[in-house]
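One file, my_file.pdb, is given below (PDB, C-alpha atoms and all ligand atoms).
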```
ATOM      1  CA  MET X   1      79.456  54.532 115.433
ATOM      2  CA  THR X   2      78.380  58.099 115.931
ATOM      3  CA  ALA X   3      77.893  61.025 113.557
ATOM      4  CA  ARG X   4      80.735  62.888 111.898
ATOM      5  CA  PRO X   5      82.484  65.126 114.452
ATOM      6  CA  ASP X   6      83.294  68.795 114.092
ATOM      7  CA  PRO X   7      86.938  69.368 113.118
ATOM      8  CA  PHE X   8      89.206  70.389 115.976
ATOM      9  CA  PRO X   9      86.676  70.195 118.825
ATOM     10  CA  VAL X  10      87.471  70.925 122.459
ATOM     11  CA  CYS X  11      88.270  67.646 124.233
ATOM     12  CA  ALA X  12      85.589  66.591 126.723
ATOM     13  CA  LEU X  13      88.243  65.079 129.004
ATOM     14  CA  CYS X  14      90.965  67.744 129.269
ATOM     15  CA  ARG X  15      89.104  70.793 127.869
ATOM     16  CA  LYS X  16      91.860  71.600 125.386
ATOM     17  CA  PRO X  17      91.252  72.015 121.649
ATOM     18  CA  SER X  18      92.622  69.249 119.427
ATOM     19  CA  VAL X  19      95.065  70.250 116.712
ATOM     20  CA  THR X  20      95.312  66.983 114.768
ATOM     21  CA  GLN X  21      93.101  66.640 111.704
ATOM     22  CA  PRO X  22      90.630  63.770 112.158
ATOM     23  CA  ALA X  23      91.608  60.737 110.049
ATOM     24  CA  ALA X  24      89.706  57.837 108.471
ATOM     25  CA  ALA X  25      91.043  54.299 108.031
ATOM     26  CA  SER X  26      89.679  54.141 104.498
ATOM     27  CA  SER X  27      88.510  56.445 101.719
ATOM     28  CA  PRO X  28      85.437  55.565  99.637
ATOM     29  CA  LEU X  29      86.400  53.121  96.849
ATOM     30  CA  PRO X  30      84.678  52.691  93.456
ATOM     31  CA  VAL X  31      83.991  49.068  94.403
ATOM     32  CA  ALA X  32      83.811  47.829  97.993
ATOM     33  CA  ASP X  33      86.012  45.021  99.328
ATOM     34  CA  LEU X  34      84.462  41.808 100.623
ATOM     35  CA  ASP X  35      84.810  43.134 104.192
ATOM     36  CA  THR X  36      82.891  46.320 103.199
ATOM     37  CA  ARG X  37      86.045  48.456 103.088
ATOM     38  CA  GLY X  38      85.409  51.339 100.695
ATOM     39  CA  SER X  39      81.719  51.681 101.523
ATOM     40  CA  PRO X  40      80.972  55.420 101.631
ATOM     41  CA  ARG X  41      79.712  55.146 105.201
ATOM     42  CA  PHE X  42      83.222  54.606 106.561
ATOM     43  CA  SER X  43      84.500  57.958 105.311
ATOM     44  CA  GLN X  44      81.919  59.619 107.577
ATOM     45  CA  TYR X  45      83.665  58.188 110.609
ATOM     46  CA  ARG X  46      86.835  60.131 111.033
ATOM     47  CA  LEU X  47      88.767  59.383 114.177
ATOM     48  CA  SER X  48      89.732  62.405 116.269
ATOM     49  CA  TYR X  49      92.749  62.521 118.537
ATOM     50  CA  CYS X  50      93.412  64.860 121.457
ATOM     51  CA  ASP X  51      97.060  65.878 121.320
ATOM     52  CA  SER X  52      96.948  66.977 124.956
ATOM     53  CA  CYS X  53      95.563  63.927 126.775
ATOM     54  CA  GLY X  54      95.589  61.192 124.104
ATOM     55  CA  TYR X  55      91.824  60.650 123.950
ATOM     56  CA  CYS X  56      90.804  58.841 120.728
ATOM     57  CA  ALA X  57      87.135  59.016 119.680
ATOM     58  CA  TYR X  58      84.790  59.789 116.825
ATOM     59  CA  ARG X  59      83.499  62.613 119.011
ATOM     60  CA  LEU X  60      86.185  64.186 121.199
ATOM     61  CA  ASP X  61      83.583  66.525 122.633
ATOM     62  CA  ARG X  62      81.806  63.580 124.251
ATOM     63  CA  GLY X  63      83.122  61.532 127.154
ATOM     64  CA  GLY X  64      83.206  61.387 130.935
ATOM     65  CA  ARG X  65      84.724  59.641 133.898
ATOM     66  CA  LEU X  66      85.027  56.176 132.350
ATOM     67  CA  GLU X  67      86.826  57.545 129.291
ATOM     68  CA  SER X  68      89.139  59.644 131.515
ATOM     69  CA  GLN X  69      90.055  56.604 133.598
ATOM     70  CA  TRP X  70      90.858  54.571 130.511
ATOM     71  CA  VAL X  71      92.895  57.294 128.819
ATOM     72  CA  ALA X  72      95.046  57.572 131.961
ATOM     73  CA  SER X  73      95.440  53.790 132.297
ATOM     74  CA  LYS X  74      98.658  51.891 131.627
ATOM     75  CA  PRO X  75      97.158  49.558 128.962
ATOM     76  CA  TYR X  76      95.766  52.545 127.041
ATOM     77  CA  ARG X  77      99.030  54.510 127.187
ATOM     78  CA  GLY X  78     100.912  51.388 126.115
ATOM     79  CA  GLN X  79      98.639  50.823 123.121
ATOM     80  CA  LEU X  80      98.654  54.483 122.104
ATOM     81  CA  HIS X  81     102.440  54.445 121.768
ATOM     82  CA  ASP X  82     102.989  50.826 120.698
ATOM     83  CA  PRO X  83     105.788  51.083 118.110
ATOM     84  CA  SER X  84     104.829  47.763 116.520
ATOM     85  CA  PHE X  85     101.565  49.199 115.105
ATOM     86  CA  PRO X  86     101.037  52.141 112.748
ATOM     87  CA  GLY X  87     100.042  55.270 114.714
ATOM     88  CA  LEU X  88      96.500  55.464 113.351
ATOM     89  CA  ALA X  89      95.957  51.746 114.069
ATOM     90  CA  ASN X  90      96.986  52.395 117.689
ATOM     91  CA  ARG X  91      94.327  55.087 117.920
ATOM     92  CA  TYR X  92      91.638  52.744 116.626
ATOM     93  CA  LEU X  93      92.792  50.102 119.095
ATOM     94  CA  CYS X  94      92.602  52.650 121.925
ATOM     95  CA  MET X  95      89.048  53.397 120.857
ATOM     96  CA  ASP X  96      88.397  49.648 120.888
ATOM     97  CA  MET X  97      89.630  49.519 124.499
ATOM     98  CA  ILE X  98      87.098  52.123 125.636
ATOM     99  CA  ALA X  99      84.287  50.516 123.615
ATOM    100  CA  GLN X 100      85.078  47.144 125.211
ATOM    101  CA  ALA X 101      84.891  48.673 128.690
ATOM    102  CA  GLN X 102      81.416  49.944 127.771
ATOM    103  CA  GLN X 103      80.487  46.610 126.163
ATOM    104  CA  GLN X 104      79.759  48.413 122.899
ATOM    105  CA  TRP X 105      80.712  45.383 120.847
ATOM    106  CA  SER X 106      79.722  46.625 117.421
ATOM    107  CA  SER X 107      81.782  49.794 117.872
ATOM    108  CA  SER X 108      84.625  47.694 119.264
ATOM    109  CA  PHE X 109      84.405  45.338 116.267
ATOM    110  CA  TRP X 110      84.603  48.118 113.675
ATOM    111  CA  SER X 111      87.504  49.779 115.520
ATOM    112  CA  CYS X 112      89.505  46.546 115.174
ATOM    113  CA  VAL X 113      88.520  46.123 111.504
ATOM    114  CA  GLN X 114      89.578  49.684 110.708
ATOM    115  CA  ALA X 115      92.859  49.168 112.572
ATOM    116  CA  ALA X 116      93.394  46.117 110.308
ATOM    117  CA  TRP X 117      92.899  48.267 107.192
ATOM    118  CA  VAL X 118      95.500  50.756 108.427
ATOM    119  CA  CYS X 119      97.921  47.862 109.029
ATOM    120  CA  ASP X 120      97.171  46.475 105.527
ATOM    121  CA  ASP X 121      98.088  49.821 103.973
ATOM    122  CA  GLN X 122     101.353  49.959 105.926
ATOM    123  CA  GLY X 123     102.314  46.408 104.891
ATOM    124  CA  GLU X 124     102.041  45.213 108.507
ATOM    125  CA  ALA X 125     100.588  41.791 107.655
ATOM    126  CA  VAL X 126     101.130  40.189 111.062
ATOM    127  CA  ARG X 127      99.590  43.125 112.887
ATOM    128  CA  ALA X 128      96.683  43.223 110.416
ATOM    129  CA  ARG X 129      96.036  39.575 111.267
ATOM    130  CA  ASP X 130      96.115  40.391 115.006
ATOM    131  CA  CYS X 131      93.509  43.123 114.470
ATOM    132  CA  ARG X 132      91.263  40.759 112.495
ATOM    133  CA  LEU X 133      91.477  38.113 115.207
ATOM    134  CA  TRP X 134      90.495  40.754 117.765
ATOM    135  CA  ALA X 135      87.597  41.782 115.508
ATOM    136  CA  LEU X 136      86.460  38.144 115.446
ATOM    137  CA  ASN X 137      86.632  38.070 119.234
ATOM    138  CA  ARG X 138      84.472  41.222 119.447
ATOM    139  CA  MET X 139      81.985  39.692 117.016
ATOM    140  CA  GLY X 140      81.733  36.679 119.322
ATOM    141  CA  GLN X 141      81.127  39.002 122.282
ATOM    142  CA  ALA X 142      78.431  40.817 120.294
ATOM    143  CA  GLN X 143      76.703  37.541 119.465
ATOM    144  CA  ALA X 144      76.845  36.427 123.098
ATOM    145  CA  ALA X 145      75.198  39.734 124.043
ATOM    146  CA  GLY X 146      72.535  39.298 121.343
ATOM    147  CA  GLU X 147      73.951  42.213 119.346
ATOM    148  CA  ALA X 148      74.251  42.035 115.536
ATOM    149  CA  ILE X 149      77.180  43.736 113.836
ATOM    150  CA  THR X 150      75.209  44.436 110.656
ATOM    151  CA  SER X 151      71.509  45.019 110.065
ATOM    152  CA  GLN X 152      71.257  42.618 107.098
ATOM    153  CA  PRO X 153      70.695  38.920 107.939
ATOM    154  CA  GLY X 154      73.599  36.844 106.620
ATOM    155  CA  SER X 155      76.043  39.771 106.441
ATOM    156  CA  ASP X 156      77.599  38.907 109.793
ATOM    157  CA  VAL X 157      78.414  35.408 108.478
ATOM    158  CA  LEU X 158      80.046  36.883 105.365
ATOM    159  CA  LEU X 159      82.058  39.345 107.419
ATOM    160  CA  ARG X 160      83.230  36.581 109.738
ATOM    161  CA  LEU X 161      84.228  34.421 106.756
ATOM    162  CA  ASP X 162      86.315  37.222 105.269
ATOM    163  CA  LEU X 163      88.028  37.935 108.585
ATOM    164  CA  LEU X 164      88.869  34.234 109.010
ATOM    165  CA  ARG X 165      90.150  33.977 105.436
ATOM    166  CA  ARG X 166      92.301  37.105 105.720
ATOM    167  CA  SER X 167      93.651  35.725 109.029
ATOM    168  CA  GLN X 168      94.530  32.401 107.339
ATOM    169  CA  ARG X 169      92.065  30.529 109.572
ATOM    170  CA  PHE X 170      90.902  28.424 106.626
ATOM    171  CA  SER X 171      89.764  25.350 108.593
ATOM    172  CA  GLN X 172      87.607  27.515 110.846
ATOM    173  CA  ALA X 173      86.219  29.293 107.786
ATOM    174  CA  ILE X 174      85.258  25.961 106.178
ATOM    175  CA  ARG X 175      83.523  24.845 109.386
ATOM    176  CA  LEU X 176      81.609  28.145 109.470
ATOM    177  CA  LEU X 177      80.632  27.709 105.823
ATOM    178  CA  GLU X 178      79.324  24.212 106.506
ATOM    179  CA  ARG X 179      77.412  25.271 109.591
ATOM    180  CA  TYR X 180      76.004  28.675 108.659
ATOM    181  CA  GLY X 181      76.396  29.050 104.883
ATOM    182  CA  HIS X 182      72.751  28.075 104.392
ATOM    183  CA  THR X 183      71.608  31.076 106.472
ATOM    184  CA  VAL X 184      72.794  33.434 103.705
ATOM    185  CA  SER X 185      69.780  33.738 101.405
ATOM    186  CA  GLU X 186      69.647  37.244  99.888
ATOM    187  CA  PRO X 187      70.699  36.968  96.186
ATOM    188  CA  MET X 188      73.640  39.402  96.318
ATOM    189  CA  LEU X 189      74.911  37.865  99.543
ATOM    190  CA  GLU X 190      74.629  34.384  97.994
ATOM    191  CA  ARG X 191      76.902  35.534  95.160
ATOM    192  CA  ILE X 192      79.446  36.867  97.669
ATOM    193  CA  LEU X 193      79.205  33.608  99.617
ATOM    194  CA  ALA X 194      79.938  31.529  96.501
ATOM    195  CA  TYR X 195      82.992  33.671  95.669
ATOM    196  CA  GLN X 196      84.176  33.708  99.266
ATOM    197  CA  SER X 197      83.830  29.906  99.426
ATOM    198  CA  GLN X 198      86.139  29.325  96.494
ATOM    199  CA  LEU X 199      88.709  31.825  97.883
ATOM    200  CA  ILE X 200      88.675  29.935 101.167
ATOM    201  CA  ARG X 201      89.073  26.554  99.472
ATOM    202  CA  GLN X 202      92.019  27.988  97.500
ATOM    203  CA  ARG X 203      93.521  29.211 100.806
ATOM    204  CA  ASN X 204      93.659  32.716  99.364
ATOM    205  CA  ASP X 205      94.227  35.316 102.122
ATOM    206  CA  ARG X 206      94.504  38.369  99.879
ATOM    207  CA  ARG X 207      92.270  41.438  99.673
ATOM    208  CA  HIS X 208      89.433  41.059  97.135
ATOM    209  CA  ASN X 209      86.503  43.217  96.088
ATOM    210  CA  LEU X 210      83.162  42.893  94.324
ATOM    211  CA  ALA X 211      84.720  43.562  90.900
ATOM    212  CA  ASP X 212      86.971  40.522  91.455
ATOM    213  CA  MET X 213      83.833  38.550  92.254
ATOM    214  CA  GLU X 214      82.164  39.615  88.997
ATOM    215  CA  ARG X 215      85.261  38.642  86.987
ATOM    216  CA  TRP X 216      85.254  35.241  88.665
ATOM    217  CA  GLU X 217      81.548  34.786  87.919
ATOM    218  CA  ARG X 218      82.114  35.587  84.231
ATOM    219  CA  ALA X 219      85.012  33.131  84.067
ATOM    220  CA  VAL X 220      82.955  30.377  85.684
ATOM    221  CA  ALA X 221      80.006  31.017  83.329
ATOM    222  CA  GLN X 222      82.144  30.582  80.200
TER
HETATM  223 ZN    ZN X 301      92.073  65.762 125.826
END
```

Could I get this structure in the form of structure tokens?
Ligand SMILES: [Zn+2]
Amino acid sequence: MTARPDPFPVCALCRKPSVTQPAAASSPLPVADLDTRGSPRFSQYRLSYCDSCGYCAYRLDRGGRLESQWVASKPYRGQLHDPSFPGLANRYLCMDMIAQAQQQWSSSFWSCVQAAWVCDDQGEAVRARDCRLWALNRMGQAQAAGEAITSQPGSDVLLRLDLLRRSQRFSQAIRLLERYGHTVSEPMLERILAYQSQLIRQRNDRRHNLADMERWERAVAQ
């Protein structure tokens, strides 16, 4: 991800000023979700959209030939106007397309995750699941390229577990727990892992946050 863009910049591809207010997939929340939704850092990343050419980026004032080719491409135009996704989710998925072409897997991953949040808010459960499965694919690509999604050891495992759980891939989540659960060693992450494990074993695919985890811990301790 890049720094917060200026509002209404001139598009680097078509040289026309944007008129659409940049939008974020999520506002800061008092308590973050298990997939980090609500962390203040996400509100810094507001997606800009060029009304003239359809370019979707954190920074509309940056981009060149590769971005121009993608924005003009059939797959990009199809995604941008796909009626089966919410409009903002389409824009994140267009950004994912360009990030994939540049093999920027972390950026691609977060674009898919943010598209999933937009789908969650619009009640588009099937589409939210699609976006999470794409995010898991991008995480796999990142790992193959030796790129970590997060800077904290163990966090990638927790993120993957939450994506699998929210996508109802419970068997895969249990296999991941058995194989990599021991690699999560930081105390806070261990607490999240314990909570996530019981959600997975209950086949719970709903959205949960750290306050839910603390309530569960208190109930277990009684
Ligand atoms: Zn443009």

**Study point:** Of the listed residues X:Asn209, X:Ser18, X:Ser155, X:Gln69, that which approaches Tyr180 of chain X most closely, counting only C-alpha atoms
**Key:**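 Of all the options, X:Ser155 lies closest to Tyr180 of chain X.
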
Review point. Of the candidates X:Thr183, X:Gln104, X:Ser197, X:Ser48, which shows the shortest atom-to-atom distance to ligand ZN 301 (chain X), using only C-alpha atoms and all ligand atoms?
Key: X:Ser48

Point to revise | Given the PyMOL selection byres (((not hetatm)) within 12 of (chain X and resi 301)), the residues it picks as a ChimeraX atom specification | key: /X:8-20,48-57,59-64,67-68,71-72

Point to revise | Nearest residue to Val126 of chain X from the set X:Trp105, X:Glu190, X:Gly181, X:Ser84 (distances using all atoms listed in the file) | key: X:Ser84

Exercise for review: Could you tell me how far atom CA of Gln168 of chain X lies from atom CA of Gly87 of chain X, in Å and to one decimal?
Suggested key: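 So the two atoms, atom CA of Gln168 of chain X and atom CA of Gly87 of chain X, lie 24.7 Å apart.
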
Point to revise | Separation of atom CA of Ser108 of chain X from atom CA of Ala135 of chain X, in Å and rounded to one decimal | key: 7.6 Å

Exercise for review: In Å, rounded to a single decimal, give me how far atom CA of Asp212 of chain X is from atom CA of Gln198 of chain X.
Suggested key: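 Between these atoms lies a distance of 12.3 Å.
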
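Residue nearest Arg165 of chain X, chosen from X:Gln152, X:Val31, X:Ala211, X:Arg129 and counting only C-alpha atoms: X:Arg129.
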